[in-house]
$ cat run21.txt   # compact mmCIF, N, CA and C atoms and all ligand atoms
# COMPACT_ATOMS: atom_id res chain seq x y z
N MET A 6 111.27 184.67 69.63
CA MET A 6 110.79 185.76 68.78
C MET A 6 109.54 185.33 67.99
N GLU A 7 108.59 186.22 67.93
CA GLU A 7 107.35 185.94 67.17
C GLU A 7 107.12 187.07 66.17
N GLN A 8 106.38 186.74 65.12
CA GLN A 8 105.93 187.75 64.17
C GLN A 8 104.40 187.75 64.17
N THR A 9 103.81 188.92 63.98
CA THR A 9 102.36 189.00 63.89
C THR A 9 101.97 189.99 62.80
N LEU A 10 100.86 189.70 62.11
CA LEU A 10 100.39 190.64 61.09
C LEU A 10 99.48 191.67 61.73
N VAL A 11 99.81 192.94 61.54
CA VAL A 11 98.96 194.03 62.02
C VAL A 11 98.44 194.80 60.81
N LEU A 12 97.16 195.13 60.85
CA LEU A 12 96.58 196.04 59.85
C LEU A 12 96.03 197.25 60.57
N VAL A 13 96.40 198.46 60.09
CA VAL A 13 95.62 199.63 60.46
C VAL A 13 94.51 199.66 59.42
N LYS A 14 93.28 199.40 59.86
CA LYS A 14 92.14 199.23 58.95
C LYS A 14 91.76 200.57 58.31
N PRO A 15 90.87 200.53 57.29
CA PRO A 15 90.53 201.78 56.58
C PRO A 15 90.07 202.93 57.49
N ASP A 16 89.37 202.61 58.59
CA ASP A 16 88.95 203.69 59.51
C ASP A 16 90.16 204.32 60.20
N GLY A 17 91.14 203.50 60.56
CA GLY A 17 92.36 204.02 61.20
C GLY A 17 93.17 204.88 60.25
N VAL A 18 93.24 204.45 58.98
CA VAL A 18 93.96 205.26 57.97
C VAL A 18 93.25 206.60 57.78
N LYS A 19 91.91 206.56 57.66
CA LYS A 19 91.13 207.80 57.47
C LYS A 19 91.29 208.75 58.65
N LYS A 20 91.43 208.20 59.86
CA LYS A 20 91.57 209.03 61.06
C LYS A 20 93.03 209.43 61.32
N ASN A 21 93.92 209.17 60.33
CA ASN A 21 95.34 209.55 60.46
C ASN A 21 96.04 208.91 61.66
N LEU A 22 95.70 207.63 61.91
CA LEU A 22 96.25 206.97 63.09
C LEU A 22 97.36 205.97 62.79
N ILE A 23 97.87 205.94 61.54
CA ILE A 23 98.92 204.97 61.21
C ILE A 23 100.13 205.19 62.13
N GLY A 24 100.58 206.42 62.21
CA GLY A 24 101.77 206.73 63.02
C GLY A 24 101.54 206.44 64.49
N GLU A 25 100.37 206.80 64.98
CA GLU A 25 100.01 206.55 66.39
C GLU A 25 100.10 205.06 66.72
N VAL A 26 99.54 204.23 65.84
CA VAL A 26 99.52 202.78 66.09
C VAL A 26 100.95 202.24 66.06
N ILE A 27 101.71 202.59 65.02
CA ILE A 27 103.08 202.09 64.91
C ILE A 27 103.90 202.56 66.11
N SER A 28 103.72 203.81 66.48
CA SER A 28 104.48 204.39 67.59
C SER A 28 104.25 203.63 68.90
N ARG A 29 103.02 203.22 69.14
CA ARG A 29 102.73 202.49 70.38
C ARG A 29 103.49 201.16 70.43
N PHE A 30 103.51 200.46 69.29
CA PHE A 30 104.24 199.18 69.27
C PHE A 30 105.75 199.42 69.40
N GLU A 31 106.26 200.41 68.69
CA GLU A 31 107.70 200.69 68.75
C GLU A 31 108.14 201.10 70.15
N ARG A 32 107.35 201.94 70.80
CA ARG A 32 107.72 202.40 72.14
C ARG A 32 107.70 201.25 73.14
N ARG A 33 106.88 200.24 72.85
CA ARG A 33 106.83 199.04 73.71
C ARG A 33 108.09 198.21 73.57
N GLY A 34 108.80 198.37 72.45
CA GLY A 34 110.01 197.58 72.21
C GLY A 34 109.86 196.58 71.08
N LEU A 35 108.69 196.61 70.43
CA LEU A 35 108.47 195.73 69.28
C LEU A 35 109.06 196.38 68.03
N LYS A 36 109.35 195.55 67.02
CA LYS A 36 110.00 196.04 65.80
C LYS A 36 109.03 195.96 64.62
N VAL A 37 109.18 196.91 63.69
CA VAL A 37 108.47 196.82 62.40
C VAL A 37 109.37 196.04 61.45
N SER A 38 108.91 194.87 61.00
CA SER A 38 109.71 194.01 60.12
C SER A 38 109.30 194.11 58.66
N ALA A 39 108.10 194.67 58.40
CA ALA A 39 107.61 194.89 57.04
C ALA A 39 106.49 195.91 57.14
N LEU A 40 106.32 196.69 56.07
CA LEU A 40 105.34 197.79 56.13
C LEU A 40 104.95 198.24 54.73
N LYS A 41 103.64 198.34 54.47
CA LYS A 41 103.17 198.93 53.20
C LYS A 41 101.72 199.39 53.31
N LEU A 42 101.38 200.35 52.46
CA LEU A 42 100.00 200.82 52.34
C LEU A 42 99.40 200.10 51.13
N VAL A 43 98.24 199.46 51.31
CA VAL A 43 97.72 198.61 50.24
C VAL A 43 96.19 198.57 50.28
N LYS A 44 95.59 198.53 49.09
CA LYS A 44 94.13 198.34 49.02
C LYS A 44 93.92 196.84 48.82
N ILE A 45 93.27 196.20 49.79
CA ILE A 45 93.10 194.74 49.77
C ILE A 45 92.08 194.34 48.71
N THR A 46 92.38 193.27 47.98
CA THR A 46 91.39 192.74 47.03
C THR A 46 90.35 191.93 47.80
N LYS A 47 89.19 191.70 47.15
CA LYS A 47 88.12 190.93 47.78
C LYS A 47 88.63 189.52 48.13
N GLU A 48 89.38 188.92 47.22
CA GLU A 48 89.89 187.56 47.42
C GLU A 48 90.85 187.51 48.62
N GLN A 49 91.71 188.54 48.68
CA GLN A 49 92.68 188.60 49.80
C GLN A 49 91.95 188.79 51.14
N ALA A 50 90.89 189.59 51.12
CA ALA A 50 90.10 189.85 52.33
C ALA A 50 89.38 188.58 52.77
N GLU A 51 88.82 187.85 51.83
CA GLU A 51 88.10 186.61 52.16
C GLU A 51 89.06 185.59 52.75
N SER A 52 90.27 185.56 52.22
CA SER A 52 91.27 184.64 52.73
C SER A 52 91.76 185.09 54.12
N HIS A 53 91.96 186.39 54.28
CA HIS A 53 92.40 186.94 55.57
C HIS A 53 91.40 186.59 56.68
N TYR A 54 90.11 186.73 56.37
CA TYR A 54 89.07 186.50 57.38
C TYR A 54 88.40 185.14 57.20
N ALA A 55 89.15 184.15 56.67
CA ALA A 55 88.58 182.83 56.36
C ALA A 55 87.83 182.20 57.55
N GLU A 56 88.35 182.42 58.77
CA GLU A 56 87.71 181.77 59.93
C GLU A 56 86.32 182.35 60.22
N HIS A 57 85.98 183.49 59.60
CA HIS A 57 84.68 184.13 59.85
C HIS A 57 83.69 183.94 58.70
N THR A 58 84.03 183.07 57.74
CA THR A 58 83.19 182.89 56.54
C THR A 58 81.71 182.69 56.87
N ASP A 59 81.43 181.91 57.92
CA ASP A 59 80.03 181.57 58.22
C ASP A 59 79.33 182.58 59.13
N LYS A 60 80.04 183.62 59.56
CA LYS A 60 79.43 184.60 60.48
C LYS A 60 78.48 185.52 59.71
N PRO A 61 77.43 185.99 60.40
CA PRO A 61 76.48 186.89 59.73
C PRO A 61 77.10 188.20 59.27
N PHE A 62 78.20 188.62 59.92
CA PHE A 62 78.81 189.91 59.58
C PHE A 62 79.93 189.77 58.54
N PHE A 63 80.12 188.55 57.97
CA PHE A 63 81.24 188.33 57.05
C PHE A 63 81.23 189.29 55.85
N GLY A 64 80.05 189.47 55.26
CA GLY A 64 79.93 190.34 54.08
C GLY A 64 80.36 191.76 54.39
N GLU A 65 79.84 192.28 55.52
CA GLU A 65 80.19 193.64 55.96
C GLU A 65 81.69 193.77 56.24
N LEU A 66 82.24 192.71 56.83
CA LEU A 66 83.65 192.70 57.20
C LEU A 66 84.53 192.84 55.95
N VAL A 67 84.20 192.05 54.92
CA VAL A 67 84.96 192.08 53.67
C VAL A 67 84.75 193.43 52.97
N ASP A 68 83.51 193.91 52.94
CA ASP A 68 83.23 195.21 52.30
C ASP A 68 84.04 196.32 53.00
N PHE A 69 84.07 196.28 54.32
CA PHE A 69 84.75 197.35 55.05
C PHE A 69 86.26 197.32 54.86
N ILE A 70 86.86 196.14 54.97
CA ILE A 70 88.33 196.05 54.91
C ILE A 70 88.85 196.35 53.50
N THR A 71 87.95 196.24 52.49
CA THR A 71 88.33 196.56 51.11
C THR A 71 87.89 197.97 50.71
N SER A 72 87.33 198.74 51.65
CA SER A 72 86.73 200.04 51.31
C SER A 72 87.76 201.16 51.13
N GLY A 73 88.98 200.92 51.53
CA GLY A 73 90.03 201.94 51.40
C GLY A 73 91.36 201.30 51.75
N PRO A 74 92.45 202.06 51.60
CA PRO A 74 93.75 201.48 51.89
C PRO A 74 93.90 201.09 53.37
N VAL A 75 94.69 200.05 53.61
CA VAL A 75 95.09 199.66 54.96
C VAL A 75 96.61 199.78 55.05
N ALA A 76 97.11 200.03 56.24
CA ALA A 76 98.55 199.96 56.47
C ALA A 76 98.83 198.56 57.01
N ALA A 77 99.50 197.75 56.18
CA ALA A 77 99.81 196.36 56.57
C ALA A 77 101.24 196.31 57.06
N MET A 78 101.44 195.61 58.16
CA MET A 78 102.81 195.51 58.71
C MET A 78 103.01 194.20 59.43
N VAL A 79 104.27 193.81 59.52
CA VAL A 79 104.63 192.68 60.37
C VAL A 79 105.36 193.27 61.57
N ILE A 80 104.85 192.93 62.75
CA ILE A 80 105.44 193.40 64.00
C ILE A 80 106.12 192.20 64.67
N SER A 81 107.36 192.39 65.10
CA SER A 81 108.15 191.28 65.63
C SER A 81 108.66 191.58 67.03
N GLY A 82 108.84 190.52 67.79
CA GLY A 82 109.43 190.65 69.12
C GLY A 82 109.05 189.46 69.97
N GLU A 83 109.53 189.49 71.21
CA GLU A 83 109.21 188.39 72.11
C GLU A 83 107.71 188.43 72.43
N ASN A 84 107.03 187.31 72.24
CA ASN A 84 105.59 187.22 72.49
C ASN A 84 104.81 188.34 71.79
N ALA A 85 105.22 188.66 70.57
CA ALA A 85 104.62 189.79 69.83
C ALA A 85 103.11 189.61 69.63
N ILE A 86 102.65 188.39 69.46
CA ILE A 86 101.22 188.17 69.19
C ILE A 86 100.38 188.63 70.38
N LYS A 87 100.75 188.16 71.57
CA LYS A 87 99.99 188.51 72.77
C LYS A 87 100.20 189.98 73.13
N ALA A 88 101.43 190.45 72.97
CA ALA A 88 101.73 191.85 73.31
C ALA A 88 100.89 192.81 72.45
N VAL A 89 100.83 192.52 71.14
CA VAL A 89 100.06 193.38 70.23
C VAL A 89 98.56 193.29 70.55
N ARG A 90 98.06 192.07 70.77
CA ARG A 90 96.62 191.91 71.08
C ARG A 90 96.26 192.72 72.33
N GLY A 91 97.14 192.70 73.31
CA GLY A 91 96.88 193.46 74.53
C GLY A 91 96.82 194.95 74.26
N GLN A 92 97.74 195.44 73.45
CA GLN A 92 97.74 196.87 73.13
C GLN A 92 96.55 197.27 72.26
N MET A 93 96.04 196.33 71.45
CA MET A 93 94.87 196.63 70.61
C MET A 93 93.61 196.86 71.45
N GLY A 94 93.44 196.07 72.52
CA GLY A 94 92.22 196.11 73.32
C GLY A 94 91.22 195.08 72.83
N ALA A 95 90.10 194.97 73.54
CA ALA A 95 89.06 193.98 73.21
C ALA A 95 88.45 194.27 71.85
N THR A 96 87.91 193.22 71.23
CA THR A 96 87.32 193.35 69.89
C THR A 96 86.25 194.45 69.86
N ASN A 97 85.36 194.45 70.85
CA ASN A 97 84.35 195.51 70.94
C ASN A 97 84.95 196.70 71.70
N PRO A 98 85.12 197.82 71.03
CA PRO A 98 85.76 198.99 71.67
C PRO A 98 85.08 199.42 72.97
N LEU A 99 83.80 199.09 73.11
CA LEU A 99 83.11 199.47 74.36
C LEU A 99 83.63 198.66 75.54
N ASP A 100 84.26 197.51 75.25
CA ASP A 100 84.86 196.68 76.30
C ASP A 100 86.37 196.90 76.42
N SER A 101 86.94 197.73 75.56
CA SER A 101 88.38 197.97 75.56
C SER A 101 88.74 198.99 76.62
N VAL A 102 89.80 198.71 77.36
CA VAL A 102 90.19 199.66 78.41
C VAL A 102 90.82 200.91 77.80
N PRO A 103 90.62 202.06 78.45
CA PRO A 103 91.35 203.26 78.05
C PRO A 103 92.84 202.97 78.11
N GLY A 104 93.59 203.49 77.15
CA GLY A 104 95.02 203.18 77.08
C GLY A 104 95.31 202.15 76.01
N SER A 105 94.27 201.38 75.63
CA SER A 105 94.43 200.47 74.48
C SER A 105 94.06 201.26 73.22
N ILE A 106 94.49 200.75 72.07
CA ILE A 106 94.22 201.46 70.82
C ILE A 106 92.72 201.59 70.58
N ARG A 107 92.01 200.46 70.70
CA ARG A 107 90.55 200.52 70.48
C ARG A 107 89.85 201.31 71.58
N GLY A 108 90.34 201.20 72.81
CA GLY A 108 89.74 201.94 73.93
C GLY A 108 89.95 203.43 73.80
N ASP A 109 90.99 203.83 73.10
CA ASP A 109 91.27 205.27 72.94
C ASP A 109 90.67 205.87 71.67
N PHE A 110 90.49 205.04 70.61
CA PHE A 110 90.18 205.64 69.31
C PHE A 110 88.93 205.08 68.62
N ALA A 111 88.22 204.13 69.23
CA ALA A 111 87.08 203.51 68.53
C ALA A 111 85.85 203.40 69.42
N LEU A 112 84.70 203.31 68.78
CA LEU A 112 83.44 203.16 69.52
C LEU A 112 82.59 202.00 69.01
N THR A 113 82.83 201.53 67.78
CA THR A 113 81.97 200.48 67.23
C THR A 113 82.79 199.27 66.79
N ILE A 114 82.20 198.09 66.96
CA ILE A 114 82.93 196.84 66.68
C ILE A 114 83.32 196.71 65.21
N GLY A 115 82.49 197.23 64.34
CA GLY A 115 82.78 197.12 62.90
C GLY A 115 83.94 198.01 62.46
N GLU A 116 84.18 199.08 63.21
CA GLU A 116 85.27 200.02 62.86
C GLU A 116 86.14 200.18 64.09
N ASN A 117 87.02 199.19 64.29
CA ASN A 117 87.81 199.16 65.52
C ASN A 117 89.32 199.33 65.27
N ILE A 118 89.65 200.03 64.17
CA ILE A 118 91.00 200.59 63.92
C ILE A 118 92.09 199.59 63.53
N VAL A 119 92.20 198.48 64.28
CA VAL A 119 93.34 197.58 64.03
C VAL A 119 92.95 196.12 63.94
N HIS A 120 93.80 195.38 63.24
CA HIS A 120 93.76 193.92 63.25
C HIS A 120 95.10 193.43 63.76
N GLY A 121 95.10 192.35 64.53
CA GLY A 121 96.33 191.66 64.92
C GLY A 121 96.08 190.17 64.95
N SER A 122 97.03 189.39 64.46
CA SER A 122 96.87 187.93 64.43
C SER A 122 96.62 187.39 65.83
N ASP A 123 95.86 186.27 65.93
CA ASP A 123 95.51 185.75 67.25
C ASP A 123 96.25 184.49 67.67
N SER A 124 97.11 183.95 66.81
CA SER A 124 97.88 182.74 67.17
C SER A 124 99.06 182.64 66.20
N PRO A 125 100.06 181.82 66.54
CA PRO A 125 101.19 181.64 65.61
C PRO A 125 100.73 181.10 64.26
N GLU A 126 99.74 180.20 64.26
CA GLU A 126 99.25 179.62 63.00
C GLU A 126 98.58 180.70 62.15
N SER A 127 97.70 181.52 62.78
CA SER A 127 97.05 182.61 62.03
C SER A 127 98.10 183.59 61.54
N ALA A 128 99.08 183.89 62.38
CA ALA A 128 100.11 184.87 62.00
C ALA A 128 100.85 184.40 60.75
N ALA A 129 101.25 183.14 60.71
CA ALA A 129 102.00 182.63 59.55
C ALA A 129 101.15 182.74 58.29
N ARG A 130 99.89 182.36 58.39
CA ARG A 130 98.98 182.41 57.24
C ARG A 130 98.73 183.86 56.81
N GLU A 131 98.49 184.73 57.77
CA GLU A 131 98.16 186.12 57.46
C GLU A 131 99.37 186.90 56.92
N VAL A 132 100.54 186.66 57.49
CA VAL A 132 101.74 187.34 56.99
C VAL A 132 101.95 186.95 55.53
N ALA A 133 101.80 185.65 55.22
CA ALA A 133 102.01 185.17 53.85
C ALA A 133 100.97 185.72 52.88
N ASN A 134 99.79 186.09 53.40
CA ASN A 134 98.72 186.66 52.56
C ASN A 134 99.04 188.11 52.15
N PHE A 135 99.97 188.74 52.87
CA PHE A 135 100.31 190.15 52.59
C PHE A 135 101.73 190.38 52.11
N PHE A 136 102.67 189.51 52.53
CA PHE A 136 104.09 189.79 52.24
C PHE A 136 104.80 188.56 51.69
N LYS A 137 105.74 188.82 50.76
CA LYS A 137 106.65 187.76 50.31
C LYS A 137 107.80 187.66 51.31
N ALA A 138 108.44 186.51 51.35
CA ALA A 138 109.51 186.28 52.34
C ALA A 138 110.60 187.36 52.24
N ASP A 139 110.91 187.82 51.00
CA ASP A 139 112.01 188.79 50.87
C ASP A 139 111.56 190.23 51.18
N GLU A 140 110.31 190.41 51.61
CA GLU A 140 109.86 191.75 52.03
C GLU A 140 109.94 191.91 53.56
N LEU A 141 110.41 190.86 54.24
CA LEU A 141 110.50 190.88 55.71
C LEU A 141 111.93 191.14 56.15
N TYR A 142 112.10 192.02 57.14
CA TYR A 142 113.44 192.36 57.65
C TYR A 142 113.57 192.05 59.13
P1 LIG A 201 89.62 190.57 66.51
O1 LIG A 201 89.80 191.59 65.41
O2 LIG A 201 89.64 191.22 67.86
O3 LIG A 201 90.56 189.40 66.38
P2 LIG A 201 87.53 188.79 65.48
O4 LIG A 201 86.58 188.04 66.34
O5 LIG A 201 88.61 188.02 64.82
O6 LIG A 201 88.12 190.00 66.38
O7 LIG A 201 86.66 189.55 64.39
C1 LIG A 201 87.28 190.17 63.29
C2 LIG A 201 86.68 191.55 63.10
O8 LIG A 201 85.32 191.38 62.74
C3 LIG A 201 86.66 192.40 64.37
O9 LIG A 201 87.86 193.13 64.55
C4 LIG A 201 85.48 193.30 64.11
O10 LIG A 201 85.85 194.46 63.34
C5 LIG A 201 84.55 192.44 63.28
N1 LIG A 201 83.49 191.84 64.12
C6 LIG A 201 83.66 190.88 65.07
N2 LIG A 201 82.48 190.56 65.63
C7 LIG A 201 81.54 191.33 65.02
C8 LIG A 201 80.12 191.47 65.17
O11 LIG A 201 79.48 190.80 65.99
N3 LIG A 201 79.52 192.38 64.34
C9 LIG A 201 80.21 193.13 63.42
N4 LIG A 201 81.53 193.04 63.26
C10 LIG A 201 82.20 192.15 64.05
MG MG A 202 90.65 187.94 64.92
$ encode --input "run21.txt" --output "structure tokens" --more "lines below"
Ligand code: IDP
Ligand code: MG
Amino acid sequence: MEQTLVLVKPDGVKKNLIGEVISRFERRGLKVSALKLVKITKEQAESHYAEHTDKPFFGELVDFITSGPVAAMVISGENAIKAVRGQMGATNPLDSVPGSIRGDFALTIGENIVHGSDSPESAAREVANFFKADELY
């Protein structure tokens, strides 16, 4: 069993896609282990995207993810990290296949609807950045 942190980013919340995103994971057989709507602080965003600190788009990334509420959740199941990443689609929506979340609902890399952890190490760090241990089921 694996856990992964998923965010429906501010663009996904604005487009009323929270239910759509959760539904796709649930229908696949994955479980929602934690869930909340939250406006991320700048510090939390910088920590969440720590691996991108030196990228030219880091400032935009932090500004965007803090621009409105996100739906933060922990998704659990067998190989949940890879399963969720597959359902999300490629980082650039123009490379995402139809049927993936980004391939169905996004057009630009900066506003690509969802975040999902990319490894067990990232997942552990990211889950802890959003949830306390007693908020997980
Ligand atoms: P991921 O979300 O598919 O894991 P990452 O490489 O971890 O992709 O990048 C984090 C987020 O940063 C992406 O989801 C995307 O919104 C944004 N991003 C990535 N590369 C670029 C870029 O070249 N320009 C602008 N935004 C980018
Ligand atoms: Mg990533």
$ residues_around --input "run21.txt" --residues "Ser122 in chain A" --least-positions-apart "4" --cutoff "6 Å" --atoms "only C-alpha atoms" --output "NGL selection string"
:A and (9-10 or 127-128)
$ residues_near_ligand --input "run21.txt" --ligand "ligand LIG 201 (chain A)" --cutoff "5 Å" --atoms "all atoms listed in the file" --output "PyMOL selection string"
chain A and resi 96+114-117
$ select_by_dssp --input "run21.txt" --residues "chain A" --states "strand (DSSP E or B)" --output "NGL selection string"
:A and (7-13 or 36-43 or 75-82 or 103 or 105 or 113 or 116 or 119-121)
$ residues_around --input "run21.txt" --residues "range 42-47 of chain A" --least-positions-apart "6" --cutoff "6 Å" --atoms "only N, CA and C atoms" --output "number ranges by chain"
A: 70-71, 73-77
$ residues_near_ligand --input "run21.txt" --ligand "ligand MG 202 (chain A)" --cutoff "8 Å" --atoms "all atoms listed in the file" --output "ChimeraX atom specification"
/A:54,120-124
$ write_last_selection --input "run21.txt" --atoms "N, CA and C atoms" --output "PDB file, keeping the file's coordinate frame"
ATOM      1  N   TYR A  54      90.110 186.730  56.370  1.00  0.00           N
ATOM      2  CA  TYR A  54      89.070 186.500  57.380  1.00  0.00           C
ATOM      3  C   TYR A  54      88.400 185.140  57.200  1.00  0.00           C
ATOM      4  N   HIS A 120      93.800 195.380  63.240  1.00  0.00           N
ATOM      5  CA  HIS A 120      93.760 193.920  63.250  1.00  0.00           C
ATOM      6  C   HIS A 120      95.100 193.430  63.760  1.00  0.00           C
ATOM      7  N   GLY A 121      95.100 192.350  64.530  1.00  0.00           N
ATOM      8  CA  GLY A 121      96.330 191.660  64.920  1.00  0.00           C
ATOM      9  C   GLY A 121      96.080 190.170  64.950  1.00  0.00           C
ATOM     10  N   SER A 122      97.030 189.390  64.460  1.00  0.00           N
ATOM     11  CA  SER A 122      96.870 187.930  64.430  1.00  0.00           C
ATOM     12  C   SER A 122      96.620 187.390  65.830  1.00  0.00           C
ATOM     13  N   ASP A 123      95.860 186.270  65.930  1.00  0.00           N
ATOM     14  CA  ASP A 123      95.510 185.750  67.250  1.00  0.00           C
ATOM     15  C   ASP A 123      96.250 184.490  67.670  1.00  0.00           C
ATOM     16  N   SER A 124      97.110 183.950  66.810  1.00  0.00           N
ATOM     17  CA  SER A 124      97.880 182.740  67.170  1.00  0.00           C
ATOM     18  C   SER A 124      99.060 182.640  66.200  1.00  0.00           C
TER      19      SER A 124
END
$ atom_distance --input "run21.txt" --atom1 "CA of Pro98 in chain A" --atom2 "atom C of Val26 in chain A"
16.5 Å
$ residues_around --input "run21.txt" --residues "range 80-88 of chain A" --least-positions-apart "3" --cutoff "6 Å" --atoms "only C-alpha atoms" --output "list in words"
Met6, Glu7, Gln8, Thr9, Leu35, Lys36, Val37, Ser38 and Gly91 of chain A
$ residues_around --input "run21.txt" --residues "range 134-142 of chain A" --least-positions-apart "2" --cutoff "6 Å" --atoms "all atoms listed in the file" --output "count of residues only"
5
$ atom_distance --input "run21.txt" --atom1 "CA of Leu12 in chain A" --atom2 "atom N of Val119 in chain A"
6.7 Å
$ residues_around --input "run21.txt" --residues "Asp100 in chain A" --least-positions-apart "3" --cutoff "12 Å" --atoms "only C-alpha atoms" --output "ChimeraX atom specification"
/A:93-97,103,105-109,111-114,117
$ atom_distance --input "run21.txt" --atom1 "CA of Asp16 in chain A" --atom2 "CA of Ala133 in chain A"
23.4 Å
$ closest_residue --input "run21.txt" --among "A:Gln49, A:Val89, A:Ala55, A:Ala129" --to "Arg33 in chain A" --atoms "only C-alpha atoms"
A:Val89
$ select_by_dssp --input "run21.txt" --residues "range 39-142 of chain A" --states "helix (DSSP H, G or I)" --output "VMD selection string"
chain A and resid 47 to 53 55 to 57 63 to 70 85 to 93 98 to 100 106 to 110 125 to 135 138 to 140
$ closest_residue --input "run21.txt" --among "A:Asp59, A:Ala50, A:Glu65, A:Leu40" --to "Gly24 in chain A" --atoms "only C-alpha atoms"
A:Leu40
$ closest_residue --input "run21.txt" --among "A:Glu48, A:Val11, A:Ser72, A:Gly17" --to "Ile118 in chain A" --atoms "all atoms listed in the file"
A:Gly17
$ closest_residue --input "run21.txt" --among "A:Glu126, A:Phe63, A:Phe69, A:Arg29" --to "Lys14 in chain A" --atoms "all atoms listed in the file"
A:Phe69
$ decode --input "run21.txt" --residues "range 118-132 of chain A" --atoms "N, CA, C and O atoms" --output "PDB file, in the first residue's frame"
ATOM      1  N   ILE A 118      -4.144  21.739 -13.477  1.00  0.00           N
ATOM      2  CA  ILE A 118      -5.242  21.131 -12.685  1.00  0.00           C
ATOM      3  C   ILE A 118      -4.829  20.352 -11.431  1.00  0.00           C
ATOM      4  O   ILE A 118      -5.454  20.510 -10.391  1.00  0.00           O
ATOM      5  N   VAL A 119      -3.829  19.470 -11.572  1.00  0.00           N
ATOM      6  CA  VAL A 119      -3.518  18.581 -10.433  1.00  0.00           C
ATOM      7  C   VAL A 119      -2.036  18.500 -10.121  1.00  0.00           C
ATOM      8  O   VAL A 119      -1.188  18.672 -11.003  1.00  0.00           O
ATOM      9  N   HIS A 120      -1.776  18.171  -8.861  1.00  0.00           N
ATOM     10  CA  HIS A 120      -0.439  17.778  -8.416  1.00  0.00           C
ATOM     11  C   HIS A 120      -0.540  16.366  -7.858  1.00  0.00           C
ATOM     12  O   HIS A 120      -1.506  16.034  -7.180  1.00  0.00           O
ATOM     13  N   GLY A 121       0.480  15.553  -8.089  1.00  0.00           N
ATOM     14  CA  GLY A 121       0.599  14.246  -7.435  1.00  0.00           C
ATOM     15  C   GLY A 121       2.056  13.979  -7.120  1.00  0.00           C
ATOM     16  O   GLY A 121       2.935  14.279  -7.944  1.00  0.00           O
ATOM     17  N   SER A 122       2.327  13.427  -5.949  1.00  0.00           N
ATOM     18  CA  SER A 122       3.712  13.141  -5.541  1.00  0.00           C
ATOM     19  C   SER A 122       4.386  12.232  -6.564  1.00  0.00           C
ATOM     20  O   SER A 122       3.729  11.395  -7.176  1.00  0.00           O
ATOM     21  N   ASP A 123       5.726  12.383  -6.712  1.00  0.00           N
ATOM     22  CA  ASP A 123       6.428  11.603  -7.737  1.00  0.00           C
ATOM     23  C   ASP A 123       7.278  10.451  -7.209  1.00  0.00           C
ATOM     24  O   ASP A 123       7.886   9.726  -7.993  1.00  0.00           O
ATOM     25  N   SER A 124       7.344  10.268  -5.892  1.00  0.00           N
ATOM     26  CA  SER A 124       8.127   9.158  -5.317  1.00  0.00           C
ATOM     27  C   SER A 124       7.662   8.956  -3.875  1.00  0.00           C
ATOM     28  O   SER A 124       7.035   9.846  -3.292  1.00  0.00           O
ATOM     29  N   PRO A 125       7.992   7.806  -3.285  1.00  0.00           N
ATOM     30  CA  PRO A 125       7.620   7.586  -1.877  1.00  0.00           C
ATOM     31  C   PRO A 125       8.216   8.646  -0.955  1.00  0.00           C
ATOM     32  O   PRO A 125       7.558   9.084   0.002  1.00  0.00           O
ATOM     33  N   GLU A 126       9.453   9.078  -1.242  1.00  0.00           N
ATOM     34  CA  GLU A 126      10.110  10.091  -0.398  1.00  0.00           C
ATOM     35  C   GLU A 126       9.366  11.429  -0.505  1.00  0.00           C
ATOM     36  O   GLU A 126       9.102  12.087   0.505  1.00  0.00           O
ATOM     37  N   SER A 127       9.044  11.850  -1.747  1.00  0.00           N
ATOM     38  CA  SER A 127       8.282  13.101  -1.924  1.00  0.00           C
ATOM     39  C   SER A 127       6.922  12.980  -1.266  1.00  0.00           C
ATOM     40  O   SER A 127       6.433  13.920  -0.640  1.00  0.00           O
ATOM     41  N   ALA A 128       6.285  11.825  -1.418  1.00  0.00           N
ATOM     42  CA  ALA A 128       4.945  11.640  -0.861  1.00  0.00           C
ATOM     43  C   ALA A 128       4.972  11.826   0.656  1.00  0.00           C
ATOM     44  O   ALA A 128       4.130  12.540   1.212  1.00  0.00           O
ATOM     45  N   ALA A 129       5.936  11.219   1.328  1.00  0.00           N
ATOM     46  CA  ALA A 129       6.012  11.316   2.796  1.00  0.00           C
ATOM     47  C   ALA A 129       6.190  12.777   3.213  1.00  0.00           C
ATOM     48  O   ALA A 129       5.516  13.276   4.125  1.00  0.00           O
ATOM     49  N   ARG A 130       7.082  13.476   2.527  1.00  0.00           N
ATOM     50  CA  ARG A 130       7.351  14.886   2.840  1.00  0.00           C
ATOM     51  C   ARG A 130       6.122  15.751   2.545  1.00  0.00           C
ATOM     52  O   ARG A 130       5.723  16.598   3.347  1.00  0.00           O
ATOM     53  N   GLU A 131       5.502  15.530   1.404  1.00  0.00           N
ATOM     54  CA  GLU A 131       4.366  16.355   0.991  1.00  0.00           C
ATOM     55  C   GLU A 131       3.118  16.097   1.845  1.00  0.00           C
ATOM     56  O   GLU A 131       2.397  17.041   2.179  1.00  0.00           O
ATOM     57  N   VAL A 132       2.872  14.836   2.177  1.00  0.00           N
ATOM     58  CA  VAL A 132       1.715  14.528   3.030  1.00  0.00           C
ATOM     59  C   VAL A 132       1.883  15.244   4.368  1.00  0.00           C
ATOM     60  O   VAL A 132       0.953  15.884   4.875  1.00  0.00           O
TER      61      VAL A 132
END
